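Colleague: Take a look at the following structure, please.
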4 protein chains.
Amino acid sequence: MASRLSAVRQLTEGLAAPLSPEDQCIQSMADASPVKWHLAHTTWFFETLLLMPHAPGYEAYDRRFHYLFNSYYESLGDRHPRPQRGMITRPSCEDILRYRKHVDTAMLRLLDGSYTAEIEGLCELGLQHEQQHQELILTDIKHALSCNSILPAYSKLPERPDHNPVPLSWRNHPGGICWIGSGTGSFAFDNEQPRHRVLLAPFRIASRLATCGEYLEFIRDRGYERPELWLSDGWNFIQTQNIRAPLYWTKDQDEWAIFTLGGLRPLRLSEPVVHISFYEAEAYARWCRKRLPTEFEWEAAARGEPVTGRLLQTGSLHPEPAKKGESQFYGDAWEWTRSAYDPYPGFKPWSGPASEYNGKFMCGQIVLRGGSCVTPADHIRPGYRNFFPPGARWQFSGIRLAEDA
Amino acid sequence: MASRLSAVRQLTEGLAAPLSPEDQCIQSMADASPVKWHLAHTTWFFETLLLMPHAPGYEAYDRRFHYLFNSYYESLGDRHPRPQRGMITRPSCEDILRYRKHVDTAMLRLLDGSYTAEIEGLCELGLQHEQQHQELILTDIKHALSCNSILPAYSKLPERPDHNPVPLSWRNHPGGICWIGSGTGSFAFDNEQPRHRVLLAPFRIASRLATCGEYLEFIRDRGYERPELWLSDGWNFIQTQNIRAPLYWTKDQDEWAIFTLGGLRPLRLSEPVVHISFYEAEAYARWCRKRLPTEFEWEAAARGEPVTGRLLQTGSLHPEPAKKGESQFYGDAWEWTRSAYDPYPGFKPWSGPASEYNGKFMCGQIVLRGGSCVTPADHIRPGYRNFFPPGARWQFSGIRLAEDA
Amino acid sequence: MASRLSAVRQLTEGLAAPLSPEDQCIQSMADASPVKWHLAHTTWFFETLLLMPHAPGYEAYDRRFHYLFNSYYESLGDRHPRPQRGMITRPSCEDILRYRKHVDTAMLRLLDGSYTAEIEGLCELGLQHEQQHQELILTDIKHALSCNSILPAYSKLPERPDHNPVPLSWRNHPGGICWIGSGTGSFAFDNEQPRHRVLLAPFRIASRLATCGEYLEFIRDRGYERPELWLSDGWNFIQTQNIRAPLYWTKDQDEWAIFTLGGLRPLRLSEPVVHISFYEAEAYARWCRKRLPTEFEWEAAARGEPVTGRLLQTGSLHPEPAKKGESQFYGDAWEWTRSAYDPYPGFKPWSGPASEYNGKFMCGQIVLRGGSCVTPADHIRPGYRNFFPPGARWQFSGIRLAEDA
Amino acid sequence: MASRLSAVRQLTEGLAAPLSPEDQCIQSMADASPVKWHLAHTTWFFETLLLMPHAPGYEAYDRRFHYLFNSYYESLGDRHPRPQRGMITRPSCEDILRYRKHVDTAMLRLLDGSYTAEIEGLCELGLQHEQQHQELILTDIKHALSCNSILPAYSKLPERPDHNPVPLSWRNHPGGICWIGSGTGSFAFDNEQPRHRVLLAPFRIASRLATCGEYLEFIRDRGYERPELWLSDGWNFIQTQNIRAPLYWTKDQDEWAIFTLGGLRPLRLSEPVVHISFYEAEAYARWCRKRLPTEFEWEAAARGEPVTGRLLQTGSLHPEPAKKGESQFYGDAWEWTRSAYDPYPGFKPWSGPASEYNGKFMCGQIVLRGGSCVTPADHIRPGYRNFFPPGARWQFSGIRLAEDA
């Protein structure tokens, strides 16, 4: 556990390393957070849930941080207003690194020798929590950099040799009673539980993600101008926000380019389309005369697949075209499902402060599955439920089609 | 069919009869519509979907009405902006009644003698559609009248002898594979179909609706001030809207009163609580250490019950306390479920203009079941799915509790 | 005074007469009020400021009206929310006419025989106040009718024989010390006082109002697309509101039409342009390489002119082209000046409730002068200061140019 | 000119020196700008208006900066959106300092030897412009730091020995014809010109600024709760923004504290009240049964006073109590006048890009006079017209009373 703690904590700091103190400080919208806030908040999580109650003699690094870096835990007191996180110029990045070291030292001391199962559980939760923020560090800084008119890059991305996309084929699933949800053997969030049975009708699911080239056909066929393709809320969304292409797509003359973590690059038709809202995914599927899979269909189909793919550790930082034999169930892009984020039968939130972790968000959101190119590889699993409001576009969110069998 | 047409159409006009032309003209919020707009829109529905395509030689009453009274049908052309429906002072109420007569006459001619199954189906749809608007006429005018500082009544309501509420008990359901959805034998909306099987875990469901007295206990226990009882969106909702009680409740000194279609009246503890949002229903359930039923649980439990109760035809126009033996599954109050309004497996929207009827709203809404005191009695059925956004409060929406068995 | 009271009160009711109860009930924006609200509010003014304190034994018609029909008098208690005035379907139009008769009867009784100077003064204020609302009845209903997609007319307007506009010429004024403001000999609002001296530089002022034809040249010269012609707030205003022509102008193919109180009519180039904001007037003047006059220049120039013109009593209800010799200083269109609405030196608001009449609005508004085609003829005078926010467009507001000599 | 250039430019950098790169990067509201943006924009001003057109062979440092650091000059092309200035993490602070050096070097080369009067004039404008931004650097960073929950200080402020305030007395002015505006002998902005005569009535003006102690009496007398004291817009402003004290005042138990550039400090009753809106100044004056002076009265009264006081160079960075004999016309606090920001008679904007400097803002703003504790001492003069919207509170804006004689 101690070595895992060190590895996860160091990875976080590594993600921030290419960024200047200014880069790390800003907040480009209320839904995103500054990089340095992520660094501090994940540390606050260990300090507040683990060290304060469980490490005898632990001294808080700075009690004001409990106010600054609480995200949304009502039971842990008042907090700095969310849309104002970009105003926290002090403590500085350096001071936050000292805070991290202070907490890491105390954590390693706590984990030195024997410790209770409760401590182990909370430590695991803290690490899983930090991994979620690793992904957010990258999606949030991507959005922030895109708000600078000169479009700076986060870092130089690896060369990406192009190739034609694998043709899309359809996988049959017989339906029937399927087990859904994560069991109790290894770590899972409360919202993935309890494991339970669901009765599914037979269905077919696409063999890979939808590509930019395929999505471009939708655009060219006036997909953004035809109300009959859209959910009512979706039509309203693209009208009022004046949306005519995925986020980060720009058109100069007739040439499309996209903003990536490596800066602006020509659009590559073969790679998976990402940074679309649920509404766009749903309209695209209708245009294809298909539909999105439910989260249950997705899980039933993905259970047999290896949990590998272009995840954070590959360093790609951008989705890649499916290679032959790749299903892309894991990595590359989070996949919007046709399932609202409702509680599973028998769902019980965790107790204590962690009760606020997932349950209170079970309204108005849509489930995404599978992880993206910036999801840590040891963080994703078949039962993992990610969730965002239907209009969210700044995540690496993409499309897998399905249809009734 | 002809006599049913006459009966439904007359009932609509009867609902408008107690109201002055001014009352019928106004729109109190974008979600509501003027009474006279309902009268005209339901007529436009028959004219546009039935008479124009199917009645040879039919002459439109006034082609400008096709613009004024289209609600949201993109395939039927542009339309008057929804939030501006209250600006339609002309045509007058009288002219709209002439429009109704013109269309009714043509409809009766069409139904005189033999007609195709398509015409029969569209006529049935027109009547079911009109019944939905009968309910909206009453909920919309209730809201409109409540915006007048002098709080006028829609009509004098019948005397309501009070009695103690029936004690709440719990009904067991064994779960298992249950049939959900409406079949094809009689009319049902597309969103209730296809009938399909769902696997349920055992559960318990309350024997009646929650009462005002029970809800008042929640208020007195500071339910509106404790964030741990609320969904995140719900807590935000009641803070930003400054909500501390159900809609139409007012407090003078220490006495609660509620605004009804009969005017302002003292709160009666024994009657079902209504005019609450999903957020309030959900928080109340958590405070009770219970939960809301899913729409599947509700349907499984309600299938065995008689489809009777305080519905529109009883003239009550307000929910009543459950009498001994009454389950209140039907009538009195629509019941918020813990189910987002997602498509059923295999869902296909109707074809033609009616394809926009239900499917395009399947996002961001919550399913309600069972009908209310202003739902026409012959309009409700076990498979009926009503839906509203989680913050909607102007419908007669209430609470039935459930729990895991 | 009694006969004047009757005449003014009857004129008001005459203005409402062509309108149905529905027409009279609606409110098309927060800045406008329903016609029937105007009828009731002007009556409330007499009842509250005159009858309640000064008529022994007077019985209020309905005390709830004191809440419903108070406009903005903080000292007279709470009131119905301004944006919700369209929700007052009850009292009905008929009931409000009864209210008017009740108050008129009491007023005539009060004025029968001798009465104090205070009563005379308050009665005069009540009548001047009612005349202001006569103008608003027409501008507010024009806006309301324009929000109905079928664009109904208020009434049939008289035939208007067209003729070429009088050529625009320039009148010289020598400047110097000029008396500004209304004296104490006859009625004037507090904001026109005290009469005082202002030192003016020599200037020139246009001999008539700007015409639609002249304004159309500004549009054709891309006036709405060139930021250098606009105040910063004005440029922002037309961008965010998407304004490209005066209010009520519409273009079908290449033909301009305008909505008038008589319905939609082809644009007549010779008539004065109206329904423009201060921003548009100011930009137009800059495009002409001229400027707007200050309110002091306007008054100095207009003092010598006869107070006649196309005012309400002519029945035109729309501005007309200047005839030979007509200066149009009075009537046709209110003229935006280049003067913010600041207090005059030595300004003192009236005492009592009337202290809220004018003074508290002296911020963020622009002075307009001269009266319009819907201003009562005996209501306007050289010193009269009207005022609206710079973005207001629903009044009959137009342009007179000026320049330095 | 060269040495003055160096001095002004160095002072700007000195103001930024106590701040970290993060501090310099953030933008706390749309009206404010990041410190580093000020550093770059003032440099862009020299580059764009002087070096590009007038320095042969000058090479722009980075052409992308012309987009990033244009403030509002439409004639100089499109620009980075104002509310997104805080997103400019790159160029870094260091890079902007290099940009400053690049431009300074070119400027000094241009000023080395003889140069035209046009160049001299533009250089003077560039320096005056930079001085305006020196003040904004301090007011904007004060606001930004106040948005951090831990309330960090900009720098340690000097000790401020307290003393009782000088009693307020009244200075008589006889009125008459007074010269207003700045002449042509030395630098003045176009909005201060032309110098012209104004006729004033006799008046009295306060001998010093209003103090915090005096303002506290207004608060204690329920000044923020009495609508009769407020302009209509002002009352609406304090209700909707929930304002009950000047900006930066906070109350803990019964003790008031204020946030200063030196951090949070106990309220000192003797010092001038600052950070109030025009609305608050105007209401306070009414509560005192006085009024605010017009800008003409202010200038007539201040012309005889020495242009000295607590200005930027004193290093106070906060207003101080008036000492015996001090009138405080200059320094300490900008003084809200009762004058809307309208053009002077004969006003002509400068030609070229500088035409957008002042004239296009002459609407919806209020004139302030006299300079504050963060205004450069050689930047202020009797004719100087500052202007802000009536609700602006983040400047060092205060109150001087006046009354009719």
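Identifiers in the structure tokens: chain A, B, ... in order shown; residue index from 1 per chain; ligand index from 1 in order shown.
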For the interface of chain A with chain B (cut-off 10 Å, counting only C-alpha atoms), please tabulate each contacting residue of chain A alongside its nearest pair of atoms and their separation in Å to one decimal, rows sorted by chain and increasing number, as a tab-separated table.

Modeller:
```
residue	atom	partner	partner_atom	distance
A:Tyr72	CA	B:Ser232	CA	9.1
A:Tyr73	CA	B:Glu228	CA	9.4
A:Glu74	CA	B:Pro227	CA	6.7
A:Ser75	CA	B:Glu228	CA	7.4
A:Ile177	CA	B:Leu199	CA	8.3
A:His196	CA	B:Ala201	CA	8.9
A:Arg197	CA	B:Leu199	CA	7.4
A:Val198	CA	B:Leu199	CA	6.0
A:Leu199	CA	B:Leu199	CA	5.8
A:Leu200	CA	B:Val198	CA	8.3
A:Ala201	CA	B:Pro345	CA	7.3
A:Pro202	CA	B:Pro345	CA	9.8
A:Phe203	CA	B:Gly346	CA	9.7
A:Arg226	CA	B:Glu74	CA	9.3
A:Pro227	CA	B:Glu74	CA	6.8
A:Glu228	CA	B:Glu74	CA	7.2
A:Leu229	CA	B:Lys360	CA	9.0
A:Trp230	CA	B:Lys360	CA	7.0
A:Leu231	CA	B:Lys360	CA	4.4
A:Ser232	CA	B:Lys360	CA	5.2
A:Asp233	CA	B:Phe361	CA	7.2
A:Gly234	CA	B:Cys363	CA	8.8
A:Trp235	CA	B:Lys360	CA	9.6
A:Phe278	CA	B:Cys363	CA	9.9
A:Tyr279	CA	B:Cys363	CA	9.2
A:Thr294	CA	B:Pro345	CA	9.1
A:Arg338	CA	B:Asp342	CA	7.6
A:Ser339	CA	B:Asp342	CA	6.9
A:Ala340	CA	B:Ala340	CA	6.1
A:Tyr341	CA	B:Ala340	CA	8.1
A:Asp342	CA	B:Ser339	CA	6.9
A:Pro343	CA	B:Arg338	CA	8.4
A:Pro345	CA	B:Ala201	CA	7.3
A:Gly346	CA	B:Asp404	CA	6.6
A:Phe347	CA	B:Asp404	CA	9.7
A:Ser355	CA	B:Glu228	CA	9.0
A:Glu356	CA	B:Glu228	CA	8.0
A:Asn358	CA	B:Ser232	CA	9.9
A:Gly359	CA	B:Leu231	CA	7.7
A:Lys360	CA	B:Leu231	CA	4.4
A:Phe361	CA	B:Ser232	CA	5.7
A:Met362	CA	B:Leu231	CA	7.2
A:Cys363	CA	B:Asp233	CA	7.2
A:Gly364	CA	B:Gly364	CA	5.5
A:Gln365	CA	B:Gly364	CA	7.8
A:Ile366	CA	B:Cys363	CA	9.1
A:Pro389	CA	B:Gly364	CA	9.1
A:Pro390	CA	B:Gly364	CA	8.3
A:Glu403	CA	B:Gly346	CA	8.9
A:Asp404	CA	B:Gly346	CA	6.6
A:Ala405	CA	B:Gly346	CA	9.4
```

Colleague: Pick out the residues sitting within 10 Å of segment 153-155 of chain D, and hand them over as a ChimeraX atom specification; count only C-alpha atoms, and ignore anything fewer than 2 positions along from it in its own chain.

Modeller: /D:15-16,18-19,23,138,141-142,145-146,150-151,157-158,259-264,317

Colleague: Would you return as an mmCIF file with N, CA, C and O atoms, in the first residue's frame the members of segment 143-319 of chain B that DSSP assigns to strand (DSSP E) on this structure's backbone?

Modeller:
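The resulting out_24.cif:
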```cif
data_model
loop_
_atom_site.group_PDB
_atom_site.id
_atom_site.type_symbol
_atom_site.label_atom_id
_atom_site.label_comp_id
_atom_site.auth_asym_id
_atom_site.auth_seq_id
_atom_site.Cartn_x
_atom_site.Cartn_y
_atom_site.Cartn_z
ATOM 1 N N TRP B 170 -47.242 -1.427 5.101
ATOM 2 C CA TRP B 170 -46.323 -1.791 4.023
ATOM 3 C C TRP B 170 -46.791 -3.042 3.308
ATOM 4 O O TRP B 170 -47.120 -4.033 3.936
ATOM 5 N N ARG B 171 -46.771 -2.997 2.002
ATOM 6 C CA ARG B 171 -47.165 -4.128 1.191
ATOM 7 C C ARG B 171 -45.922 -4.809 0.646
ATOM 8 O O ARG B 171 -45.070 -4.143 0.063
ATOM 9 N N ASN B 172 -45.857 -6.081 0.785
ATOM 10 C CA ASN B 172 -44.708 -6.833 0.282
ATOM 11 C C ASN B 172 -44.896 -7.226 -1.166
ATOM 12 O O ASN B 172 -45.996 -7.594 -1.585
ATOM 13 N N HIS B 173 -43.826 -7.151 -1.917
ATOM 14 C CA HIS B 173 -43.850 -7.690 -3.278
ATOM 15 C C HIS B 173 -42.640 -8.608 -3.416
ATOM 16 O O HIS B 173 -41.534 -8.232 -3.045
ATOM 17 N N GLY B 176 -38.938 -10.668 -8.721
ATOM 18 C CA GLY B 176 -38.919 -11.666 -9.786
ATOM 19 C C GLY B 176 -39.137 -11.019 -11.139
ATOM 20 O O GLY B 176 -39.083 -9.793 -11.274
ATOM 21 N N ILE B 177 -39.368 -11.849 -12.125
ATOM 22 C CA ILE B 177 -39.559 -11.308 -13.472
ATOM 23 C C ILE B 177 -40.994 -10.838 -13.632
ATOM 24 O O ILE B 177 -41.925 -11.609 -13.429
ATOM 25 N N CYS B 178 -41.159 -9.574 -13.942
ATOM 26 C CA CYS B 178 -42.484 -8.958 -14.049
ATOM 27 C C CYS B 178 -42.662 -8.369 -15.442
ATOM 28 O O CYS B 178 -41.719 -7.835 -16.026
ATOM 29 N N TRP B 179 -43.882 -8.413 -15.897
ATOM 30 C CA TRP B 179 -44.189 -7.747 -17.164
ATOM 31 C C TRP B 179 -44.441 -6.265 -16.919
ATOM 32 O O TRP B 179 -45.219 -5.887 -16.052
ATOM 33 N N ILE B 180 -43.801 -5.466 -17.718
ATOM 34 C CA ILE B 180 -43.895 -4.006 -17.582
ATOM 35 C C ILE B 180 -44.311 -3.425 -18.933
ATOM 36 O O ILE B 180 -43.864 -3.905 -19.979
ATOM 37 N N HIS B 196 -42.593 -5.541 -21.899
ATOM 38 C CA HIS B 196 -41.352 -6.316 -21.785
ATOM 39 C C HIS B 196 -41.176 -6.783 -20.342
ATOM 40 O O HIS B 196 -41.871 -6.319 -19.435
ATOM 41 N N ARG B 197 -40.233 -7.656 -20.174
ATOM 42 C CA ARG B 197 -40.019 -8.226 -18.845
ATOM 43 C C ARG B 197 -38.860 -7.542 -18.122
ATOM 44 O O ARG B 197 -37.850 -7.184 -18.751
ATOM 45 N N VAL B 198 -39.044 -7.371 -16.831
ATOM 46 C CA VAL B 198 -38.013 -6.747 -15.992
ATOM 47 C C VAL B 198 -37.820 -7.620 -14.764
ATOM 48 O O VAL B 198 -38.798 -8.163 -14.239
ATOM 49 N N LEU B 199 -36.584 -7.740 -14.354
ATOM 50 C CA LEU B 199 -36.276 -8.552 -13.171
ATOM 51 C C LEU B 199 -36.185 -7.648 -11.944
ATOM 52 O O LEU B 199 -35.349 -6.748 -11.881
ATOM 53 N N LEU B 200 -37.063 -7.893 -10.986
ATOM 54 C CA LEU B 200 -37.089 -7.044 -9.789
ATOM 55 C C LEU B 200 -36.652 -7.814 -8.552
ATOM 56 O O LEU B 200 -36.948 -8.994 -8.417
ATOM 57 N N PHE B 203 -39.405 -6.130 -2.681
ATOM 58 C CA PHE B 203 -39.490 -4.777 -2.095
ATOM 59 C C PHE B 203 -40.790 -4.633 -1.332
ATOM 60 O O PHE B 203 -41.686 -5.480 -1.429
ATOM 61 N N ARG B 204 -40.876 -3.541 -0.592
ATOM 62 C CA ARG B 204 -42.116 -3.175 0.106
ATOM 63 C C ARG B 204 -42.543 -1.788 -0.356
ATOM 64 O O ARG B 204 -41.693 -0.943 -0.626
ATOM 65 N N ILE B 205 -43.832 -1.591 -0.422
ATOM 66 C CA ILE B 205 -44.331 -0.298 -0.887
ATOM 67 C C ILE B 205 -45.448 0.179 0.035
ATOM 68 O O ILE B 205 -46.178 -0.635 0.601
ATOM 69 N N ALA B 206 -45.530 1.475 0.228
ATOM 70 C CA ALA B 206 -46.478 2.049 1.193
ATOM 71 C C ALA B 206 -47.910 1.826 0.738
ATOM 72 O O ALA B 206 -48.205 1.807 -0.452
ATOM 73 N N TRP B 249 -48.129 26.428 -0.425
ATOM 74 C CA TRP B 249 -48.252 26.534 1.029
ATOM 75 C C TRP B 249 -47.824 27.936 1.446
ATOM 76 O O TRP B 249 -46.802 28.451 0.978
ATOM 77 N N THR B 250 -48.578 28.547 2.346
ATOM 78 C CA THR B 250 -48.171 29.835 2.904
ATOM 79 C C THR B 250 -48.380 29.790 4.409
ATOM 80 O O THR B 250 -49.229 29.059 4.914
ATOM 81 N N LYS B 251 -47.615 30.581 5.094
ATOM 82 C CA LYS B 251 -47.664 30.547 6.555
ATOM 83 C C LYS B 251 -47.985 31.945 7.055
ATOM 84 O O LYS B 251 -47.308 32.909 6.683
ATOM 85 N N ASP B 252 -49.012 32.048 7.839
ATOM 86 C CA ASP B 252 -49.355 33.329 8.435
ATOM 87 C C ASP B 252 -49.297 33.116 9.945
ATOM 88 O O ASP B 252 -50.050 32.312 10.481
ATOM 89 N N GLU B 255 -49.808 29.541 11.401
ATOM 90 C CA GLU B 255 -50.829 28.746 10.742
ATOM 91 C C GLU B 255 -50.501 28.558 9.269
ATOM 92 O O GLU B 255 -50.334 29.526 8.528
ATOM 93 N N TRP B 256 -50.466 27.319 8.830
ATOM 94 C CA TRP B 256 -50.265 27.048 7.412
ATOM 95 C C TRP B 256 -51.591 27.080 6.677
ATOM 96 O O TRP B 256 -52.598 26.581 7.177
ATOM 97 N N ALA B 257 -51.552 27.641 5.479
ATOM 98 C CA ALA B 257 -52.707 27.569 4.589
ATOM 99 C C ALA B 257 -52.201 27.122 3.230
ATOM 100 O O ALA B 257 -51.014 27.228 2.937
ATOM 101 N N ILE B 258 -53.101 26.593 2.414
ATOM 102 C CA ILE B 258 -52.710 26.224 1.047
ATOM 103 C C ILE B 258 -53.697 26.806 0.057
ATOM 104 O O ILE B 258 -54.890 26.931 0.338
ATOM 105 N N PHE B 259 -53.149 27.170 -1.089
ATOM 106 C CA PHE B 259 -53.983 27.673 -2.168
ATOM 107 C C PHE B 259 -54.475 26.482 -2.985
ATOM 108 O O PHE B 259 -53.683 25.631 -3.413
ATOM 109 N N THR B 260 -55.789 26.404 -3.154
ATOM 110 C CA THR B 260 -56.390 25.312 -3.942
ATOM 111 C C THR B 260 -57.174 25.928 -5.096
ATOM 112 O O THR B 260 -57.289 27.141 -5.190
ATOM 113 N N GLY B 263 -59.540 28.308 -3.849
ATOM 114 C CA GLY B 263 -59.035 29.462 -3.100
ATOM 115 C C GLY B 263 -58.158 29.028 -1.945
ATOM 116 O O GLY B 263 -57.773 27.860 -1.832
ATOM 117 N N LEU B 264 -57.842 29.962 -1.075
ATOM 118 C CA LEU B 264 -56.958 29.693 0.053
ATOM 119 C C LEU B 264 -57.726 28.985 1.166
ATOM 120 O O LEU B 264 -58.818 29.411 1.543
ATOM 121 N N ARG B 265 -57.149 27.901 1.697
ATOM 122 C CA ARG B 265 -57.817 27.156 2.758
ATOM 123 C C ARG B 265 -56.807 26.706 3.801
ATOM 124 O O ARG B 265 -55.629 26.534 3.482
ATOM 125 N N PRO B 266 -57.272 26.502 5.035
ATOM 126 C CA PRO B 266 -56.328 26.011 6.051
ATOM 127 C C PRO B 266 -55.770 24.653 5.629
ATOM 128 O O PRO B 266 -56.459 23.862 4.987
#
```

Colleague: For a quick check of understanding, using only C-alpha atoms, which of C:His133, C:Arg195, C:His275, C:Arg9 has the smallest distance to Lys348 of chain C?

Modeller: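 Looking at the shortest contact to Lys348 of chain C, the residue is C:Arg195.
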
Colleague: What parts of segment 7-223 of chain B does DSSP call alpha helix (DSSP H)? I'd like the answer as a PyMOL selection string.

Modeller: chain B and resi 7-16+21-25+35-46+52-54+65-68+93-111+117-146+212-220

Colleague: If we count only C-alpha atoms, what is near Trp37 of chain C at a cut-off of 9 Å, once residues fewer than 4 positions away on the same chain are taken out, given as a list in words?

Modeller: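 Counting only C-alpha atoms, the residues come to Gln24, Cys25, Ser33, His41, Thr42, Leu68, Phe69, Arg85, Gly86, Ile88 and Ile96 of chain C.
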
Colleague: Gln134 of chain A: which residues within 12 Å, counting only C-alpha atoms, same-chain residues fewer than 4 positions away excluded, as a ChimeraX atom specification?

Modeller: /A:8-16,33,35-39,41-42,127-130,138-141,311-313,372-377,379

Colleague: Would you mind exporting the chosen residues as a compact mmCIF listing (two decimals), in the first residue's frame, restricted to C-alpha atoms?

Modeller:
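Output contents, as saved in result-v9.txt:
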```
# COMPACT_ATOMS: atom_id res chain seq x y z
CA VAL A 8 0.05 7.37 -7.40
CA ARG A 9 1.07 10.53 -5.60
CA GLN A 10 4.16 10.93 -7.77
CA LEU A 11 2.21 10.37 -10.94
CA THR A 12 -0.08 13.26 -10.01
CA GLU A 13 2.86 15.57 -9.53
CA GLY A 14 4.32 14.38 -12.78
CA LEU A 15 1.19 15.42 -14.61
CA ALA A 16 1.51 18.93 -13.22
CA SER A 33 -10.70 23.21 -11.33
CA VAL A 35 -4.42 21.97 -11.52
CA LYS A 36 -2.97 23.09 -8.24
CA TRP A 37 -6.37 22.85 -6.62
CA HIS A 38 -6.48 19.21 -7.70
CA LEU A 39 -3.05 18.72 -6.16
CA HIS A 41 -7.68 18.74 -2.79
CA THR A 42 -6.48 15.16 -3.19
CA LEU A 127 -5.84 6.66 -4.09
CA GLN A 128 -8.83 5.91 -6.31
CA HIS A 129 -10.01 9.44 -5.65
CA GLU A 130 -6.66 10.82 -6.64
CA LEU A 138 -5.64 16.74 -17.97
CA THR A 139 -9.17 17.48 -19.16
CA ASP A 140 -9.34 20.68 -17.12
CA ILE A 141 -6.00 22.03 -18.29
CA LEU A 311 -5.15 4.63 -21.15
CA LEU A 312 -3.13 7.27 -19.32
CA GLN A 313 0.04 5.21 -18.98
CA SER A 372 -10.41 7.26 -21.87
CA CYS A 373 -6.88 7.97 -23.05
CA VAL A 374 -6.30 9.92 -19.83
CA THR A 375 -7.77 7.41 -17.40
CA PRO A 376 -5.16 5.62 -15.26
CA ALA A 377 -4.92 2.03 -16.42
CA HIS A 379 -8.36 2.63 -12.26
```

Colleague: Using Å and a single decimal, report how far atom CA of Tyr330 of chain A sits from atom CA of Gly126 of chain A.

Modeller: 22.9 Å

Colleague: Find the residues around Asn386 of chain C up to 8 Å (only C-alpha atoms counted), leave out those fewer than 5 positions away in its own chain, and share them as a ChimeraX atom specification.

Modeller: /C:367-369

Colleague: For the selection you just gave me, I'd like the residues written to a file as a PDB file, in the first residue's frame, keeping all heavy atoms.

Modeller:
```pdb
ATOM      1  N   VAL C 367     -32.770  62.249 -21.278  1.00  0.00           N
ATOM      2  CA  VAL C 367     -33.915  63.158 -21.420  1.00  0.00           C
ATOM      3  C   VAL C 367     -34.418  63.158 -22.861  1.00  0.00           C
ATOM      4  O   VAL C 367     -33.617  63.213 -23.801  1.00  0.00           O
ATOM      5  CB  VAL C 367     -33.533  64.579 -20.985  1.00  0.00           C
ATOM      6  CG1 VAL C 367     -34.676  65.565 -21.271  1.00  0.00           C
ATOM      7  CG2 VAL C 367     -33.167  64.594 -19.516  1.00  0.00           C
ATOM      8  N   LEU C 368     -35.729  63.092 -23.005  1.00  0.00           N
ATOM      9  CA  LEU C 368     -36.393  63.279 -24.308  1.00  0.00           C
ATOM     10  C   LEU C 368     -37.308  64.489 -24.196  1.00  0.00           C
ATOM     11  O   LEU C 368     -37.864  64.761 -23.116  1.00  0.00           O
ATOM     12  CB  LEU C 368     -37.225  62.066 -24.700  1.00  0.00           C
ATOM     13  CG  LEU C 368     -36.489  60.730 -24.818  1.00  0.00           C
ATOM     14  CD1 LEU C 368     -36.657  59.908 -23.566  1.00  0.00           C
ATOM     15  CD2 LEU C 368     -36.955  59.940 -26.029  1.00  0.00           C
ATOM     16  N   ARG C 369     -37.492  65.163 -25.290  1.00  0.00           N
ATOM     17  CA  ARG C 369     -38.273  66.394 -25.275  1.00  0.00           C
ATOM     18  C   ARG C 369     -39.324  66.402 -26.370  1.00  0.00           C
ATOM     19  O   ARG C 369     -39.170  65.758 -27.408  1.00  0.00           O
ATOM     20  CB  ARG C 369     -37.316  67.589 -25.484  1.00  0.00           C
ATOM     21  CG  ARG C 369     -36.332  67.829 -24.345  1.00  0.00           C
ATOM     22  CD  ARG C 369     -37.064  68.184 -23.050  1.00  0.00           C
ATOM     23  NE  ARG C 369     -36.155  68.779 -22.072  1.00  0.00           N
ATOM     24  CZ  ARG C 369     -36.237  70.054 -21.673  1.00  0.00           C
ATOM     25  NH1 ARG C 369     -37.183  70.856 -22.174  1.00  0.00           N
ATOM     26  NH2 ARG C 369     -35.389  70.516 -20.779  1.00  0.00           N
TER      27      ARG C 369
END
```
